[in-house]
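A quick write-up on the structure given underneath.
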Amino acid sequence: MLDPRVDKLASLLIRYSCAVKKGEKILIEAIDVPEDFTAALIRHTSDVGGIPLVMLKSNRIDRALMLAGTKTQWETVAKLEKRQMQSVQCYIGARGKPNVSELSDVPGPQQKLYENTVWKKVHRDVRIPGTRWCVLRWPHPSMAQMAEMSTSAFEDFYFKVCTLDYAKMSKAMQPLKKLMERTDKVRLKGPSDTDLTFSIKNIPAVCCDGRVNIPDGEVFTAPVRDSVNGVIHFNCPTLYRGTTHTDVRLVFRNGKIVEATSSETRQLNEVFDTDPGARYVGEFAIGFNPHCTKPMKDILFDEKIAGSIHFTPGMCYKEASNGNKSAIHWDLVMRQTPEVGGGEIYFDGHLIRKSGEFVISELKGLNPNRLK
């Protein structure tokens, strides 16, 4: 019997997130997710008159392909998948991870080869700008372990987060979008030695309200590329290319990362040396999903933590462009809540959030007690 929560999530993705219309094609890329969920997505697509296409993948197979990978191989894959992506109007990436460290022993250059071909030519250049898309994680036991929860408790949490009333949240985030779009100078203060300044002047702010990622709950923009100065010390663990980094500390001078350390400093700098744009920032965002309260090494959840910000070395999005281009896009999260030492956000010298709570009247609708 199909879990009704699975059916509810599938309906939300097809009808709200991607808003599939009659006659439109949608590519469902299912990576290590249950067949029942993929089938539910197909059924709901058919119910609204859409045309479902399905591509089944596996993390273990992806690892094997990366280890054997050649430039010719990945360019061939990119050519085929690019053509497929160009033929659809919508995309859902349902991504399970039975083992979150599956790629940890794939050498960096092999992962970089994949990123510079398939990810860049299919996802960055076609899927992101050219389709209505939504990406979500599937709740494998490995995620429950990272969240330090039982499997059953994590499943309850997962479906509560993913089927939130996103229409209500969308309305509440509009004042933050407007405020960000009339702001010039931003200052972030946080635990440890974080003190960072930058400008967001004349760069659009974008509301993330369940139409692009599930779970959702952020407004993002980008810093003026050369305006970032100071130090930011992230307090959430982060998983990238199969390696977990903790205690990531970045020093910026005129927009560029001039010093980078973490629990895995060598691998950290290897990522930032991917290309020139990898040492500049393509996104600044404020998170406020009331059900996301602690890090679990899954960025789709962690970047939405209520009382957090994330700062992203690498590629900017065209919707909020500062001109930075890169093969990477690495969301790094800092919490500013009391249990980790607090923190503040200032817009043009005015305090707008303290210790994770918005303090000005027009933004208080985004505080957890108002969104649950």
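Naming scheme: A, B, ... for chains in displayed order of the structure tokens; residues 1 onward per chain; ligands 1 onward as shown.
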Helix (DSSP H, G or I) positions in region 138-327 of chain A, given as a ChimeraX atom specification: /A:141-146,151-162,166-181,265-272,276-279,299-302,318-320
For Met173 (chain A), list every protein, DNA or RNA residue within 8 Å, evaluated using only C-alpha atoms, and leave out those in the same chain fewer than 2 positions away; present the list as number ranges by chain. A: 169-171, 175-177, 207, 219, 363, 365-366
Using only C-alpha atoms for the distances, tell me which of A:Gly230, A:Glu319, A:Lys121, A:Glu270 is nearest to Cys208 (chain A).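 Of the candidates, the smallest distance to Cys208 (chain A) is held by A:Glu319.
Remark: for Tyr91 (chain A), the closest of the candidate residues A:Ala144, A:Met315, A:Val6, A:Cys18 is A:Cys18 (distances computed over only C-alpha atoms).
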Any chance you could list, as number ranges by chain, the residues in region 18-171 of chain A that come up strand (DSSP E or B) when DSSP is run on the backbone? A: 25-31, 51-57, 90-96, 132-138
Deliver the residues from the most recent selection as a file, using N, CA, C and O atoms, as a tab-separated table (two decimals), in the first residue's frame.
chain	number	residue	atom	x	y	z
A	25	LYS	N	6.42	18.09	-21.33
A	25	LYS	CA	7.25	16.93	-20.98
A	25	LYS	C	8.02	17.24	-19.71
A	25	LYS	O	8.51	18.36	-19.51
A	26	ILE	N	8.13	16.24	-18.84
A	26	ILE	CA	8.93	16.37	-17.62
A	26	ILE	C	9.89	15.20	-17.54
A	26	ILE	O	9.51	14.04	-17.75
A	27	LEU	N	11.16	15.52	-17.26
A	27	LEU	CA	12.18	14.49	-17.04
A	27	LEU	C	12.28	14.22	-15.55
A	27	LEU	O	12.56	15.13	-14.76
A	28	ILE	N	12.05	12.97	-15.16
A	28	ILE	CA	12.18	12.55	-13.77
A	28	ILE	C	13.48	11.76	-13.66
A	28	ILE	O	13.57	10.64	-14.17
A	29	GLU	N	14.49	12.36	-13.03
A	29	GLU	CA	15.77	11.68	-12.81
A	29	GLU	C	15.76	11.11	-11.41
A	29	GLU	O	15.86	11.85	-10.43
A	30	ALA	N	15.60	9.80	-11.31
A	30	ALA	CA	15.45	9.13	-10.02
A	30	ALA	C	16.74	8.39	-9.68
A	30	ALA	O	17.12	7.45	-10.37
A	31	ILE	N	17.38	8.81	-8.61
A	31	ILE	CA	18.66	8.24	-8.20
A	31	ILE	C	18.49	7.56	-6.84
A	31	ILE	O	18.33	8.23	-5.82
A	51	ILE	N	3.60	14.72	-19.92
A	51	ILE	CA	4.25	13.57	-20.55
A	51	ILE	C	5.51	13.23	-19.75
A	51	ILE	O	6.50	13.96	-19.81
A	52	PRO	N	5.50	12.14	-18.97
A	52	PRO	CA	6.65	11.82	-18.12
A	52	PRO	C	7.74	11.05	-18.87
A	52	PRO	O	7.45	10.11	-19.61
A	53	LEU	N	8.97	11.46	-18.67
A	53	LEU	CA	10.15	10.72	-19.11
A	53	LEU	C	10.95	10.38	-17.87
A	53	LEU	O	11.07	11.20	-16.96
A	54	VAL	N	11.53	9.19	-17.81
A	54	VAL	CA	12.21	8.74	-16.60
A	54	VAL	C	13.64	8.29	-16.93
A	54	VAL	O	13.87	7.58	-17.92
A	55	MET	N	14.58	8.72	-16.06
A	55	MET	CA	15.96	8.26	-16.15
A	55	MET	C	16.35	7.74	-14.77
A	55	MET	O	16.37	8.50	-13.80
A	56	LEU	N	16.63	6.44	-14.68
A	56	LEU	CA	16.99	5.81	-13.41
A	56	LEU	C	18.51	5.75	-13.28
A	56	LEU	O	19.21	5.36	-14.21
A	57	LYS	N	19.01	6.16	-12.10
A	57	LYS	CA	20.44	6.16	-11.85
A	57	LYS	C	20.75	5.60	-10.47
A	57	LYS	O	19.85	5.42	-9.63
A	90	CYS	N	10.13	20.60	-17.99
A	90	CYS	CA	10.23	20.48	-16.52
A	90	CYS	C	11.20	19.36	-16.16
A	90	CYS	O	11.45	18.45	-16.95
A	91	TYR	N	11.70	19.44	-14.93
A	91	TYR	CA	12.67	18.44	-14.45
A	91	TYR	C	12.49	18.25	-12.96
A	91	TYR	O	12.35	19.22	-12.20
A	92	ILE	N	12.50	17.00	-12.53
A	92	ILE	CA	12.57	16.67	-11.10
A	92	ILE	C	13.78	15.78	-10.89
A	92	ILE	O	13.93	14.75	-11.55
A	93	GLY	N	14.64	16.18	-9.98
A	93	GLY	CA	15.78	15.37	-9.58
A	93	GLY	C	15.53	14.81	-8.20
A	93	GLY	O	15.63	15.53	-7.20
A	94	ALA	N	15.14	13.55	-8.13
A	94	ALA	CA	14.88	12.88	-6.85
A	94	ALA	C	16.12	12.07	-6.51
A	94	ALA	O	16.43	11.09	-7.19
A	95	ARG	N	16.83	12.49	-5.46
A	95	ARG	CA	18.17	11.97	-5.22
A	95	ARG	C	18.28	11.31	-3.84
A	95	ARG	O	18.24	11.98	-2.82
A	96	GLY	N	18.39	10.01	-3.86
A	96	GLY	CA	18.65	9.28	-2.63
A	96	GLY	C	20.14	9.04	-2.45
A	96	GLY	O	20.90	9.04	-3.42
A	132	ARG	N	11.55	24.42	-15.78
A	132	ARG	CA	11.02	24.57	-14.42
A	132	ARG	C	11.44	23.31	-13.68
A	132	ARG	O	11.01	22.20	-14.02
A	133	TRP	N	12.30	23.47	-12.68
A	133	TRP	CA	12.93	22.30	-12.09
A	133	TRP	C	12.80	22.29	-10.58
A	133	TRP	O	12.62	23.33	-9.94
A	134	CYS	N	12.89	21.11	-10.03
A	134	CYS	CA	12.87	20.94	-8.58
A	134	CYS	C	13.75	19.74	-8.22
A	134	CYS	O	13.69	18.69	-8.86
A	135	VAL	N	14.57	19.93	-7.20
A	135	VAL	CA	15.48	18.89	-6.73
A	135	VAL	C	15.14	18.56	-5.28
A	135	VAL	O	14.87	19.46	-4.48
A	136	LEU	N	15.12	17.26	-4.94
A	136	LEU	CA	14.88	16.87	-3.56
A	136	LEU	C	15.70	15.64	-3.21
A	136	LEU	O	16.11	14.87	-4.08
A	137	ARG	N	15.99	15.49	-1.92
A	137	ARG	CA	16.61	14.28	-1.40
A	137	ARG	C	15.52	13.29	-1.01
A	137	ARG	O	14.41	13.67	-0.64
A	138	TRP	N	15.87	12.01	-1.05
A	138	TRP	CA	14.96	10.98	-0.55
A	138	TRP	C	15.49	10.51	0.81
A	138	TRP	O	16.71	10.38	1.00
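Proximity of A:Asn116, A:Asn99, A:Ser262, A:Ser361 to Gln145 (chain A), computed with only C-alpha atoms, is greatest for A:Asn99.
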Nearest-residue call for Val231 (chain A), choices A:Lys160, A:Lys354, A:Lys256, A:Lys71, using only C-alpha atoms: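 Counting only C-alpha atoms, the residue closest to Val231 (chain A) is A:Lys256.
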Name all residues at most 6 Å from region 301-311 of chain A (count only C-alpha atoms; drop same-chain ones fewer than 4 positions away) and give them as a PDB file with C-alpha atoms, in the first residue's frame.
ATOM      1  CA  GLY A 217      12.691  28.327   2.721  1.00  0.00           C
ATOM      2  CA  GLU A 283      25.256  33.518  -3.732  1.00  0.00           C
ATOM      3  CA  PHE A 284      24.243  34.959  -0.369  1.00  0.00           C
ATOM      4  CA  ALA A 285      21.039  33.641   1.212  1.00  0.00           C
ATOM      5  CA  ILE A 286      19.014  33.806   4.412  1.00  0.00           C
ATOM      6  CA  GLY A 287      17.302  30.608   5.604  1.00  0.00           C
ATOM      7  CA  PHE A 288      14.105  30.282   7.660  1.00  0.00           C
ATOM      8  CA  ASN A 289      12.394  26.873   7.333  1.00  0.00           C
ATOM      9  CA  PRO A 290      10.931  26.403  10.839  1.00  0.00           C
ATOM     10  CA  CYS A 292      14.990  22.692   9.878  1.00  0.00           C
ATOM     11  CA  THR A 293      16.737  23.390  13.165  1.00  0.00           C
ATOM     12  CA  PRO A 295      22.647  20.542  10.452  1.00  0.00           C
ATOM     13  CA  ASP A 331      26.727  26.310  -0.277  1.00  0.00           C
ATOM     14  CA  LEU A 332      28.412  26.797   3.113  1.00  0.00           C
ATOM     15  CA  VAL A 333      26.131  27.345   6.104  1.00  0.00           C
ATOM     16  CA  MET A 334      26.519  29.426   9.262  1.00  0.00           C
ATOM     17  CA  ARG A 335      23.928  29.322  12.033  1.00  0.00           C
ATOM     18  CA  GLN A 336      23.348  32.459  14.093  1.00  0.00           C
ATOM     19  CA  THR A 337      21.063  30.960  16.753  1.00  0.00           C
ATOM     20  CA  GLY A 356      18.261  33.885  14.472  1.00  0.00           C
TER      21      GLY A 356
END
Identify, on the basis of only C-alpha atoms, every residue whose closest approach to Tyr240 (chain A) does not exceed 10 Å; exclude the query and any residue fewer than 6 positions from it along the same chain; express the result as a ChimeraX atom specification. /A:100-101,103-104,267-268,271,297-299,330-331
Quick one: write out the picked residues with N, CA, C and O atoms as an mmCIF file, in the first residue's frame?
data_model
loop_
_atom_site.group_PDB
_atom_site.id
_atom_site.type_symbol
_atom_site.label_atom_id
_atom_site.label_comp_id
_atom_site.auth_asym_id
_atom_site.auth_seq_id
_atom_site.Cartn_x
_atom_site.Cartn_y
_atom_site.Cartn_z
ATOM 1 N N VAL A 100 26.267 8.363 2.060
ATOM 2 C CA VAL A 100 26.590 9.754 1.728
ATOM 3 C C VAL A 100 28.054 9.927 1.346
ATOM 4 O O VAL A 100 28.423 10.937 0.762
ATOM 5 N N SER A 101 28.893 8.941 1.662
ATOM 6 C CA SER A 101 30.319 9.026 1.341
ATOM 7 C C SER A 101 30.697 8.153 0.143
ATOM 8 O O SER A 101 31.853 7.788 -0.025
ATOM 9 N N LEU A 103 31.214 8.722 -2.876
ATOM 10 C CA LEU A 103 32.221 9.270 -3.802
ATOM 11 C C LEU A 103 33.516 9.668 -3.103
ATOM 12 O O LEU A 103 34.387 10.288 -3.715
ATOM 13 N N SER A 104 33.663 9.323 -1.834
ATOM 14 C CA SER A 104 34.806 9.809 -1.061
ATOM 15 C C SER A 104 36.150 9.315 -1.574
ATOM 16 O O SER A 104 37.184 9.961 -1.368
ATOM 17 N N GLN A 267 41.889 19.291 0.659
ATOM 18 C CA GLN A 267 40.762 19.063 -0.247
ATOM 19 C C GLN A 267 39.943 20.336 -0.439
ATOM 20 O O GLN A 267 39.419 20.584 -1.526
ATOM 21 N N LEU A 268 39.845 21.144 0.617
ATOM 22 C CA LEU A 268 39.115 22.414 0.522
ATOM 23 C C LEU A 268 39.729 23.300 -0.553
ATOM 24 O O LEU A 268 39.039 23.814 -1.440
ATOM 25 N N VAL A 271 39.230 22.170 -4.165
ATOM 26 C CA VAL A 271 37.958 22.592 -4.752
ATOM 27 C C VAL A 271 38.030 24.049 -5.193
ATOM 28 O O VAL A 271 37.609 24.397 -6.302
ATOM 29 N N LYS A 297 24.320 17.545 7.377
ATOM 30 C CA LYS A 297 25.238 17.283 6.256
ATOM 31 C C LYS A 297 24.505 16.975 4.954
ATOM 32 O O LYS A 297 24.967 16.200 4.131
ATOM 33 N N ASP A 298 23.351 17.585 4.778
ATOM 34 C CA ASP A 298 22.632 17.517 3.513
ATOM 35 C C ASP A 298 22.216 18.935 3.178
ATOM 36 O O ASP A 298 21.363 19.518 3.843
ATOM 37 N N ILE A 299 22.806 19.499 2.125
ATOM 38 C CA ILE A 299 22.689 20.927 1.896
ATOM 39 C C ILE A 299 21.268 21.358 1.589
ATOM 40 O O ILE A 299 20.870 22.486 1.927
ATOM 41 N N TRP A 330 29.165 25.814 -4.110
ATOM 42 C CA TRP A 330 29.292 25.130 -2.829
ATOM 43 C C TRP A 330 28.647 25.977 -1.737
ATOM 44 O O TRP A 330 29.233 26.934 -1.258
ATOM 45 N N ASP A 331 27.434 25.599 -1.335
ATOM 46 C CA ASP A 331 26.727 26.310 -0.277
ATOM 47 C C ASP A 331 27.332 25.955 1.080
ATOM 48 O O ASP A 331 27.315 24.788 1.485
#
Provide the CA of Ala320 (chain A) to CA of Asn254 (chain A) distance in Å, to one decimal place.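 Computing the Euclidean distance for CA of Ala320 (chain A) and CA of Asn254 (chain A) yields 19.6 Å.
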If you count only C-alpha atoms, which residues fall within 12 Å of Met1 (chain A), apart from same-chain ones fewer than 4 positions away, as a compact mmCIF listing (two decimals) with C-alpha atoms, in the first residue's frame?
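Output file selection_8.txt is given in full below:
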# COMPACT_ATOMS: atom_id res chain seq x y z
CA ARG A 5 2.70 10.97 2.54
CA VAL A 6 4.56 9.77 -0.55
CA ASP A 7 1.52 10.46 -2.72
CA ASP A 36 6.68 3.62 -5.62
CA PHE A 37 7.70 7.27 -5.50
Contacts of Gly23 (chain A) within 9 Å, only C-alpha atoms, excl. fewer than 5 positions in-chain, as a ChimeraX atom specification: /A:48-51
Selection from above, C-alpha atoms, as a compact mmCIF listing (two decimals), in the first residue's frame, can you write it?
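Output file selection-v3.txt is given in full below:
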# COMPACT_ATOMS: atom_id res chain seq x y z
CA VAL A 48 -2.51 16.72 -15.22
CA GLY A 49 -1.95 15.87 -18.88
CA GLY A 50 1.84 15.94 -18.82
CA ILE A 51 4.25 13.57 -20.55
Which of these residues is nearest to Asp195 (chain A), using only C-alpha atoms: A:Pro223, A:Gly343, A:Pro141, A:Pro368? A:Gly343
Within 8 Å of Arg187 (chain A) using only C-alpha atoms, minus same-chain residues under 5 positions, as a compact mmCIF listing (two decimals) with N, CA and C atoms, in the first residue's frame:
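Once everything was written out, this is around16.txt:
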# COMPACT_ATOMS: atom_id res chain seq x y z
N ASP A 195 33.19 38.24 10.90
CA ASP A 195 32.84 39.65 10.68
C ASP A 195 33.08 39.92 9.21
N LEU A 196 32.01 39.95 8.44
CA LEU A 196 32.09 39.99 6.98
C LEU A 196 31.23 41.12 6.45
N THR A 197 31.74 41.85 5.48
CA THR A 197 30.96 42.92 4.84
C THR A 197 30.98 42.74 3.33
N PHE A 198 29.88 43.15 2.69
CA PHE A 198 29.80 43.10 1.23
C PHE A 198 28.58 43.91 0.80
N ILE A 345 22.65 40.13 11.57
CA ILE A 345 22.67 40.58 10.18
C ILE A 345 22.28 42.05 10.17
N TYR A 346 23.10 42.86 9.50
CA TYR A 346 22.82 44.29 9.36
C TYR A 346 22.65 44.62 7.88
N PHE A 347 21.61 45.38 7.56
CA PHE A 347 21.41 45.93 6.22
C PHE A 347 21.58 47.45 6.31
N GLY A 349 23.56 49.19 7.90
CA GLY A 349 23.78 49.63 9.28
C GLY A 349 22.65 49.35 10.24
For the atom pair CA of Gln89 (chain A) and CA of Ala19 (chain A), what is the interatomic distance in Å to one decimal place? 10.4 Å
Provide the CA of Val258 (chain A) to CA of Gly190 (chain A) distance in Å, to one decimal place.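 Spanning CA of Val258 (chain A) to CA of Gly190 (chain A) is a straight-line distance of 20.0 Å.
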